[in-house]
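Enquirer: model36.pdb (PDB, C-alpha atoms) pasted underneath:
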```pdb
ATOM      1  CA  GLN A 294     121.404-113.655 -35.668
ATOM      2  CA  TYR A 295     122.271-111.263 -32.870
ATOM      3  CA  GLN A 296     119.633-108.610 -32.334
ATOM      4  CA  LEU A 297     118.486-106.053 -29.792
ATOM      5  CA  ALA A 298     114.985-104.655 -30.040
ATOM      6  CA  GLU A 299     113.748-101.684 -28.012
ATOM      7  CA  SER A 300     110.144-100.988 -27.090
ATOM      8  CA  GLY A 301     108.183 -98.793 -24.714
ATOM      9  CA  GLY A 302     108.816 -95.363 -26.149
ATOM     10  CA  GLY A 303     106.062 -92.871 -26.770
ATOM     11  CA  LEU A 304     104.661 -89.486 -25.865
ATOM     12  CA  MET A 305     104.541 -88.468 -22.219
ATOM     13  CA  GLN A 306     103.820 -85.265 -20.364
ATOM     14  CA  PRO A 307     106.521 -83.695 -18.209
ATOM     15  CA  GLY A 308     106.648 -85.351 -14.807
ATOM     16  CA  GLY A 309     105.406 -88.669 -16.139
ATOM     17  CA  SER A 310     107.096 -92.054 -16.347
ATOM     18  CA  LEU A 311     107.976 -94.543 -19.042
ATOM     19  CA  ARG A 312     109.720 -97.889 -18.982
ATOM     20  CA  LEU A 313     111.804 -98.879 -21.948
ATOM     21  CA  SER A 314     112.562-102.523 -22.682
ATOM     22  CA  CYS A 315     115.264-104.046 -24.827
ATOM     23  CA  ALA A 316     114.998-107.695 -25.790
ATOM     24  CA  ALA A 317     118.086-109.631 -26.843
ATOM     25  CA  SER A 318     117.870-112.464 -29.339
ATOM     26  CA  GLY A 319     120.614-114.744 -30.514
ATOM     27  CA  PHE A 320     122.728-114.002 -27.443
ATOM     28  CA  THR A 321     122.399-113.470 -23.715
ATOM     29  CA  LEU A 322     123.002-110.302 -21.759
ATOM     30  CA  ASP A 323     124.618-112.369 -19.008
ATOM     31  CA  TYR A 324     128.067-111.972 -20.547
ATOM     32  CA  HIS A 325     127.899-108.351 -21.619
ATOM     33  CA  THR A 326     128.127-104.858 -20.268
ATOM     34  CA  PHE A 327     125.006-103.154 -21.539
ATOM     35  CA  GLY A 328     123.456 -99.763 -21.537
ATOM     36  CA  TRP A 329     121.061 -97.147 -22.806
ATOM     37  CA  PHE A 330     121.937 -94.188 -24.987
ATOM     38  CA  ARG A 331     119.918 -91.354 -26.434
ATOM     39  CA  GLN A 332     120.193 -88.861 -29.231
ATOM     40  CA  ALA A 333     118.250 -85.634 -29.187
ATOM     41  CA  PRO A 334     117.603 -83.672 -32.393
ATOM     42  CA  GLY A 335     120.720 -81.817 -33.420
ATOM     43  CA  LYS A 336     122.826 -83.325 -30.663
ATOM     44  CA  GLU A 337     125.350 -86.111 -30.405
ATOM     45  CA  ARG A 338     124.435 -89.455 -28.951
ATOM     46  CA  GLU A 339     125.049 -89.637 -25.203
ATOM     47  CA  GLY A 340     125.292 -92.436 -22.705
ATOM     48  CA  VAL A 341     122.306 -92.427 -20.355
ATOM     49  CA  SER A 342     122.997 -95.430 -18.160
ATOM     50  CA  CYS A 343     125.162 -98.551 -18.255
ATOM     51  CA  LEU A 344     125.239-101.716 -16.160
ATOM     52  CA  SER A 345     128.064-104.204 -15.699
ATOM     53  CA  MET A 346     127.799-107.904 -16.423
ATOM     54  CA  ASN A 347     127.643-108.820 -12.722
ATOM     55  CA  GLY A 348     125.196-106.043 -11.942
ATOM     56  CA  ARG A 349     127.459-104.460  -9.345
ATOM     57  CA  ASN A 350     128.504-101.390 -11.262
ATOM     58  CA  THR A 351     126.273 -98.752 -12.774
ATOM     59  CA  PHE A 352     126.765 -95.469 -14.544
ATOM     60  CA  TYR A 353     124.186 -92.730 -14.857
ATOM     61  CA  GLY A 354     124.547 -89.520 -16.772
ATOM     62  CA  ASP A 355     124.351 -86.439 -14.583
ATOM     63  CA  SER A 356     121.085 -85.306 -16.125
ATOM     64  CA  VAL A 357     119.267 -88.551 -15.248
ATOM     65  CA  LYS A 358     120.682 -89.422 -11.829
ATOM     66  CA  GLY A 359     117.929 -90.027  -9.314
ATOM     67  CA  ARG A 360     115.281 -90.251 -12.027
ATOM     68  CA  PHE A 361     116.257 -93.201 -14.241
ATOM     69  CA  THR A 362     117.035 -96.784 -13.232
ATOM     70  CA  ILE A 363     118.676 -99.452 -15.364
ATOM     71  CA  SER A 364     118.023-103.133 -14.760
ATOM     72  CA  ARG A 365     117.741-106.475 -16.467
ATOM     73  CA  ASP A 366     115.722-109.619 -15.956
ATOM     74  CA  ALA A 367     117.105-112.737 -14.295
ATOM     75  CA  ALA A 368     117.006-114.668 -17.539
ATOM     76  CA  GLY A 369     119.476-112.285 -19.145
ATOM     77  CA  VAL A 370     117.149-111.669 -22.060
ATOM     78  CA  THR A 371     115.716-108.225 -21.448
ATOM     79  CA  MET A 372     117.136-104.952 -20.122
ATOM     80  CA  TYR A 373     115.047-102.085 -18.880
ATOM     81  CA  LEU A 374     115.246 -98.363 -18.330
ATOM     82  CA  GLN A 375     112.715 -96.983 -15.873
ATOM     83  CA  MET A 376     112.358 -93.264 -16.484
ATOM     84  CA  ASN A 377     110.597 -91.159 -13.864
ATOM     85  CA  SER A 378     110.035 -87.419 -13.551
ATOM     86  CA  LEU A 379     110.466 -87.025 -17.279
ATOM     87  CA  ALA A 380     111.452 -83.617 -18.580
ATOM     88  CA  VAL A 381     111.258 -82.055 -22.033
ATOM     89  CA  GLU A 382     115.040 -82.396 -22.216
ATOM     90  CA  ASP A 383     114.683 -86.187 -22.101
ATOM     91  CA  THR A 384     113.185 -86.172 -25.587
ATOM     92  CA  GLY A 385     115.136 -88.189 -28.115
ATOM     93  CA  ILE A 386     115.685 -91.555 -29.714
ATOM     94  CA  TYR A 387     116.739 -94.110 -27.119
ATOM     95  CA  TYR A 388     118.996 -96.987 -28.082
ATOM     96  CA  CYS A 389     120.096-100.027 -26.146
ATOM     97  CA  ALA A 390     123.500-101.573 -26.691
ATOM     98  CA  ALA A 391     125.611-104.497 -25.535
ATOM     99  CA  ALA A 392     129.387-104.521 -25.204
ATOM    100  CA  HIS A 393     132.166-106.944 -24.402
ATOM    101  CA  PRO A 394     132.128-107.697 -20.653
ATOM    102  CA  ALA A 395     135.624-106.287 -20.274
ATOM    103  CA  THR A 396     134.207-102.857 -21.136
ATOM    104  CA  SER A 397     133.590-100.899 -17.951
ATOM    105  CA  VAL A 398     130.346 -99.015 -17.456
ATOM    106  CA  GLN A 399     132.328 -95.784 -17.531
ATOM    107  CA  GLN A 400     133.958 -96.703 -20.811
ATOM    108  CA  MET A 401     130.748 -97.828 -22.403
ATOM    109  CA  CYS A 402     128.705 -94.813 -21.431
ATOM    110  CA  THR A 403     131.278 -92.055 -21.915
ATOM    111  CA  GLU A 404     133.734 -93.114 -24.624
ATOM    112  CA  SER A 405     131.805 -92.631 -27.848
ATOM    113  CA  ARG A 406     134.699 -93.946 -29.943
ATOM    114  CA  ARG A 407     133.920 -97.429 -28.599
ATOM    115  CA  GLY A 408     130.419 -97.397 -30.085
ATOM    116  CA  GLY A 409     131.515 -99.196 -33.226
ATOM    117  CA  ASP A 410     132.272-102.267 -31.127
ATOM    118  CA  PHE A 411     128.793-102.467 -29.574
ATOM    119  CA  ARG A 412     125.700-104.308 -30.668
ATOM    120  CA  TRP A 413     122.910-101.768 -31.109
ATOM    121  CA  GLY A 414     119.154-101.829 -31.229
ATOM    122  CA  GLN A 415     117.185 -99.840 -33.778
ATOM    123  CA  GLY A 416     116.009 -97.218 -31.295
ATOM    124  CA  THR A 417     112.697 -96.081 -29.867
ATOM    125  CA  GLN A 418     111.380 -92.524 -29.827
ATOM    126  CA  VAL A 419     110.641 -90.841 -26.508
ATOM    127  CA  THR A 420     108.881 -87.486 -26.663
ATOM    128  CA  VAL A 421     108.197 -85.472 -23.538
ATOM    129  CA  SER A 422     105.852 -82.616 -24.199
ATOM    130  CA  SER A 423     102.882 -80.899 -22.652
TER
END
```
Can the structure from this file be put into structure tokens for me?

Expert:
Amino acid sequence: QYQLAESGGGLMQPGGSLRLSCAASGFTLDYHTFGWFRQAPGKEREGVSCLSMNGRNTFYGDSVKGRFTISRDAAGVTMYLQMNSLAVEDTGIYYCAAAHPATSVQQMCTESRRGGDFRWGQGTQVTVSS
């Protein structure tokens, strides 16, 4: 059974850091474009960051550039999102997803209509509050 499972969310003060993890089971990330998305209360889901299969191409949303970093482990089992300098506006449910490797990072992170073709995790809550 193909599954993605996020962990690492929680409550953090503004300016703090969190690292989210997403573990894949039943398949490997080696042959997928993958990424992180978030949904804030009352807002649509948005692409936060996406990484290509070969690791050469990345996408970051404008609001997280310079603060967040996407990566994966060498085994192709776990993806990460390092989040630094957290702000209240980063609050939301964070989801990881995997897509067909032919999907570009731009397509995956910005074309919401493609979401039905992705494998999704169940989400993890990130709350940034003082």

Enquirer: Please provide the set of residues having any atom within 8 Å of region 403-420 of chain A, restricted to all atoms listed in the file, with same-chain residues fewer than 6 positions apart removed, written as a ChimeraX atom specification.

Expert: /A:296-305,315,339-340,381,383-393

Enquirer: Out of A:Gly308, A:Gly359, A:Ala367, A:Gln400, which residue has the shortest atom-to-atom distance to Glu382 (chain A) when counting all atoms listed in the file?

Expert: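 Of all the options, A:Gly308 lies closest to Glu382 (chain A).
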
Enquirer: If you measure from CA of Ser423 (chain A) to CA of Leu311 (chain A), what distance in Å do you get, rounded to one decimal?

Expert: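 CA of Leu311 (chain A) lies 15.0 Å from CA of Ser423 (chain A).
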
Enquirer: Pick the closest to Ser397 (chain A) from A:Cys343, A:Leu322, A:Leu313, A:Val421: which is it, counting all atoms listed in the file?

Expert: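 Answer, going by the shortest atom-to-atom distance: A:Cys343.
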
Enquirer: Which residue is closest to Thr371 (chain A)? Choose from A:Ser342, A:Gln294, A:Ser318, A:Gln306 and count all atoms listed in the file.

Expert: A:Ser318

Enquirer: For CA of Phe320 (chain A) and CA of Tyr353 (chain A), determine how far apart the two atoms are, in Å to one decimal place.

Expert: 24.8 Å

Enquirer: I'd like the contact shell of Val370 (chain A) - 8 Å cut-off, all atoms listed in the file, skipping same-chain residues fewer than 2 positions apart - returned as number ranges by chain.

Expert: A: 316-318, 321-322, 365-368, 372

Enquirer: Between A:Arg338, A:Tyr373, A:Ser345, A:Ala380, which one has atoms that come closest to Val357 (chain A), using all atoms listed in the file?

Expert: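 Closest residue, counting all atoms listed in the file: A:Ala380.
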
Enquirer: Please write as a PDB file with C-alpha atoms, in the coordinates of the input the full residue list that the PyMOL selection byres ((chain A and resi 375) around 8) yields on this file.

Expert:
```pdb
ATOM      1  CA  SER A 310     107.096 -92.054 -16.347  1.00  0.00           C
ATOM      2  CA  LEU A 311     107.976 -94.543 -19.042  1.00  0.00           C
ATOM      3  CA  ARG A 312     109.720 -97.889 -18.982  1.00  0.00           C
ATOM      4  CA  LEU A 313     111.804 -98.879 -21.948  1.00  0.00           C
ATOM      5  CA  PHE A 361     116.257 -93.201 -14.241  1.00  0.00           C
ATOM      6  CA  THR A 362     117.035 -96.784 -13.232  1.00  0.00           C
ATOM      7  CA  ILE A 363     118.676 -99.452 -15.364  1.00  0.00           C
ATOM      8  CA  TYR A 373     115.047-102.085 -18.880  1.00  0.00           C
ATOM      9  CA  LEU A 374     115.246 -98.363 -18.330  1.00  0.00           C
ATOM     10  CA  MET A 376     112.358 -93.264 -16.484  1.00  0.00           C
ATOM     11  CA  ASN A 377     110.597 -91.159 -13.864  1.00  0.00           C
TER      12      ASN A 377
END
```

Enquirer: Please report the interatomic distance between CA of Gly328 (chain A) and CA of Thr351 (chain A) in Å with one decimal.

Expert: 9.3 Å

Enquirer: Hey, which of A:Pro394, A:Leu344, A:Arg349, A:Gly354 ends up closest to Arg331 (chain A)? Count all atoms listed in the file.

Expert: A:Gly354

Enquirer: Select, from A:Pro307, A:Gly369, A:Lys336, A:Ser364, the residue with the minimum atom-to-atom distance to Asp323 (chain A), counting all atoms listed in the file.

Expert: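 The answer is A:Gly369, which sits nearest to Asp323 (chain A).
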
Enquirer: May I have the centre and edge lengths, in Å to one decimal, of an axis-aligned box around the listed atoms of region 306-316 of chain A with 6 Å added to every side, as JSON?

Expert:
```
{"center_x": 109.5, "center_y": -95.7, "center_z": -20.3, "size_x": 23.4, "size_y": 36.0, "size_z": 23.0}
```

Enquirer: Please complete region 358-373 of chain A with N, CA, C and O atoms and give it back as a PDB file, keeping the file's coordinate frame.

Expert:
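Saved as part02.pdb:
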```
ATOM      1  N   LYS A 358     120.466 -88.845 -13.160  1.00  0.00           N
ATOM      2  CA  LYS A 358     120.682 -89.422 -11.829  1.00  0.00           C
ATOM      3  C   LYS A 358     119.495 -89.132 -10.911  1.00  0.00           C
ATOM      4  O   LYS A 358     118.999 -88.014 -10.858  1.00  0.00           O
ATOM      5  N   GLY A 359     119.058 -90.176 -10.223  1.00  0.00           N
ATOM      6  CA  GLY A 359     117.929 -90.027  -9.314  1.00  0.00           C
ATOM      7  C   GLY A 359     116.584 -90.139  -9.982  1.00  0.00           C
ATOM      8  O   GLY A 359     115.555 -90.192  -9.304  1.00  0.00           O
ATOM      9  N   ARG A 360     116.557 -90.164 -11.306  1.00  0.00           N
ATOM     10  CA  ARG A 360     115.281 -90.251 -12.027  1.00  0.00           C
ATOM     11  C   ARG A 360     115.153 -91.532 -12.845  1.00  0.00           C
ATOM     12  O   ARG A 360     114.049 -92.062 -12.998  1.00  0.00           O
ATOM     13  N   PHE A 361     116.266 -92.014 -13.384  1.00  0.00           N
ATOM     14  CA  PHE A 361     116.257 -93.201 -14.241  1.00  0.00           C
ATOM     15  C   PHE A 361     116.915 -94.358 -13.508  1.00  0.00           C
ATOM     16  O   PHE A 361     117.837 -94.169 -12.702  1.00  0.00           O
ATOM     17  N   THR A 362     116.459 -95.576 -13.817  1.00  0.00           N
ATOM     18  CA  THR A 362     117.035 -96.784 -13.232  1.00  0.00           C
ATOM     19  C   THR A 362     117.194 -97.845 -14.307  1.00  0.00           C
ATOM     20  O   THR A 362     116.233 -98.155 -15.023  1.00  0.00           O
ATOM     21  N   ILE A 363     118.398 -98.389 -14.405  1.00  0.00           N
ATOM     22  CA  ILE A 363     118.676 -99.452 -15.364  1.00  0.00           C
ATOM     23  C   ILE A 363     118.596-100.792 -14.643  1.00  0.00           C
ATOM     24  O   ILE A 363     118.969-100.908 -13.477  1.00  0.00           O
ATOM     25  N   SER A 364     118.113-101.796 -15.347  1.00  0.00           N
ATOM     26  CA  SER A 364     118.023-103.133 -14.760  1.00  0.00           C
ATOM     27  C   SER A 364     117.929-104.153 -15.881  1.00  0.00           C
ATOM     28  O   SER A 364     117.833-103.798 -17.064  1.00  0.00           O
ATOM     29  N   ARG A 365     117.941-105.405 -15.495  1.00  0.00           N
ATOM     30  CA  ARG A 365     117.741-106.475 -16.467  1.00  0.00           C
ATOM     31  C   ARG A 365     116.993-107.615 -15.775  1.00  0.00           C
ATOM     32  O   ARG A 365     116.945-107.674 -14.542  1.00  0.00           O
ATOM     33  N   ASP A 366     116.422-108.490 -16.557  1.00  0.00           N
ATOM     34  CA  ASP A 366     115.722-109.619 -15.956  1.00  0.00           C
ATOM     35  C   ASP A 366     116.699-110.730 -15.606  1.00  0.00           C
ATOM     36  O   ASP A 366     117.829-110.759 -16.071  1.00  0.00           O
ATOM     37  N   ALA A 367     116.242-111.658 -14.771  1.00  0.00           N
ATOM     38  CA  ALA A 367     117.105-112.737 -14.295  1.00  0.00           C
ATOM     39  C   ALA A 367     117.513-113.684 -15.413  1.00  0.00           C
ATOM     40  O   ALA A 367     118.563-114.323 -15.354  1.00  0.00           O
ATOM     41  N   ALA A 368     116.710-113.752 -16.438  1.00  0.00           N
ATOM     42  CA  ALA A 368     117.006-114.668 -17.539  1.00  0.00           C
ATOM     43  C   ALA A 368     118.093-114.133 -18.460  1.00  0.00           C
ATOM     44  O   ALA A 368     118.598-114.870 -19.310  1.00  0.00           O
ATOM     45  N   GLY A 369     118.438-112.860 -18.292  1.00  0.00           N
ATOM     46  CA  GLY A 369     119.476-112.285 -19.145  1.00  0.00           C
ATOM     47  C   GLY A 369     119.015-112.039 -20.563  1.00  0.00           C
ATOM     48  O   GLY A 369     119.823-112.001 -21.495  1.00  0.00           O
ATOM     49  N   VAL A 370     117.705-111.844 -20.717  1.00  0.00           N
ATOM     50  CA  VAL A 370     117.149-111.669 -22.060  1.00  0.00           C
ATOM     51  C   VAL A 370     116.724-110.229 -22.320  1.00  0.00           C
ATOM     52  O   VAL A 370     116.806-109.748 -23.448  1.00  0.00           O
ATOM     53  N   THR A 371     116.282-109.555 -21.272  1.00  0.00           N
ATOM     54  CA  THR A 371     115.716-108.225 -21.448  1.00  0.00           C
ATOM     55  C   THR A 371     116.362-107.240 -20.490  1.00  0.00           C
ATOM     56  O   THR A 371     116.557-107.544 -19.314  1.00  0.00           O
ATOM     57  N   MET A 372     116.672-106.041 -20.984  1.00  0.00           N
ATOM     58  CA  MET A 372     117.136-104.952 -20.122  1.00  0.00           C
ATOM     59  C   MET A 372     116.068-103.872 -20.112  1.00  0.00           C
ATOM     60  O   MET A 372     115.253-103.774 -21.040  1.00  0.00           O
ATOM     61  N   TYR A 373     116.071-103.097 -19.061  1.00  0.00           N
ATOM     62  CA  TYR A 373     115.047-102.085 -18.880  1.00  0.00           C
ATOM     63  C   TYR A 373     115.669-100.743 -18.530  1.00  0.00           C
ATOM     64  O   TYR A 373     116.764-100.671 -17.994  1.00  0.00           O
TER      65      TYR A 373
END
```
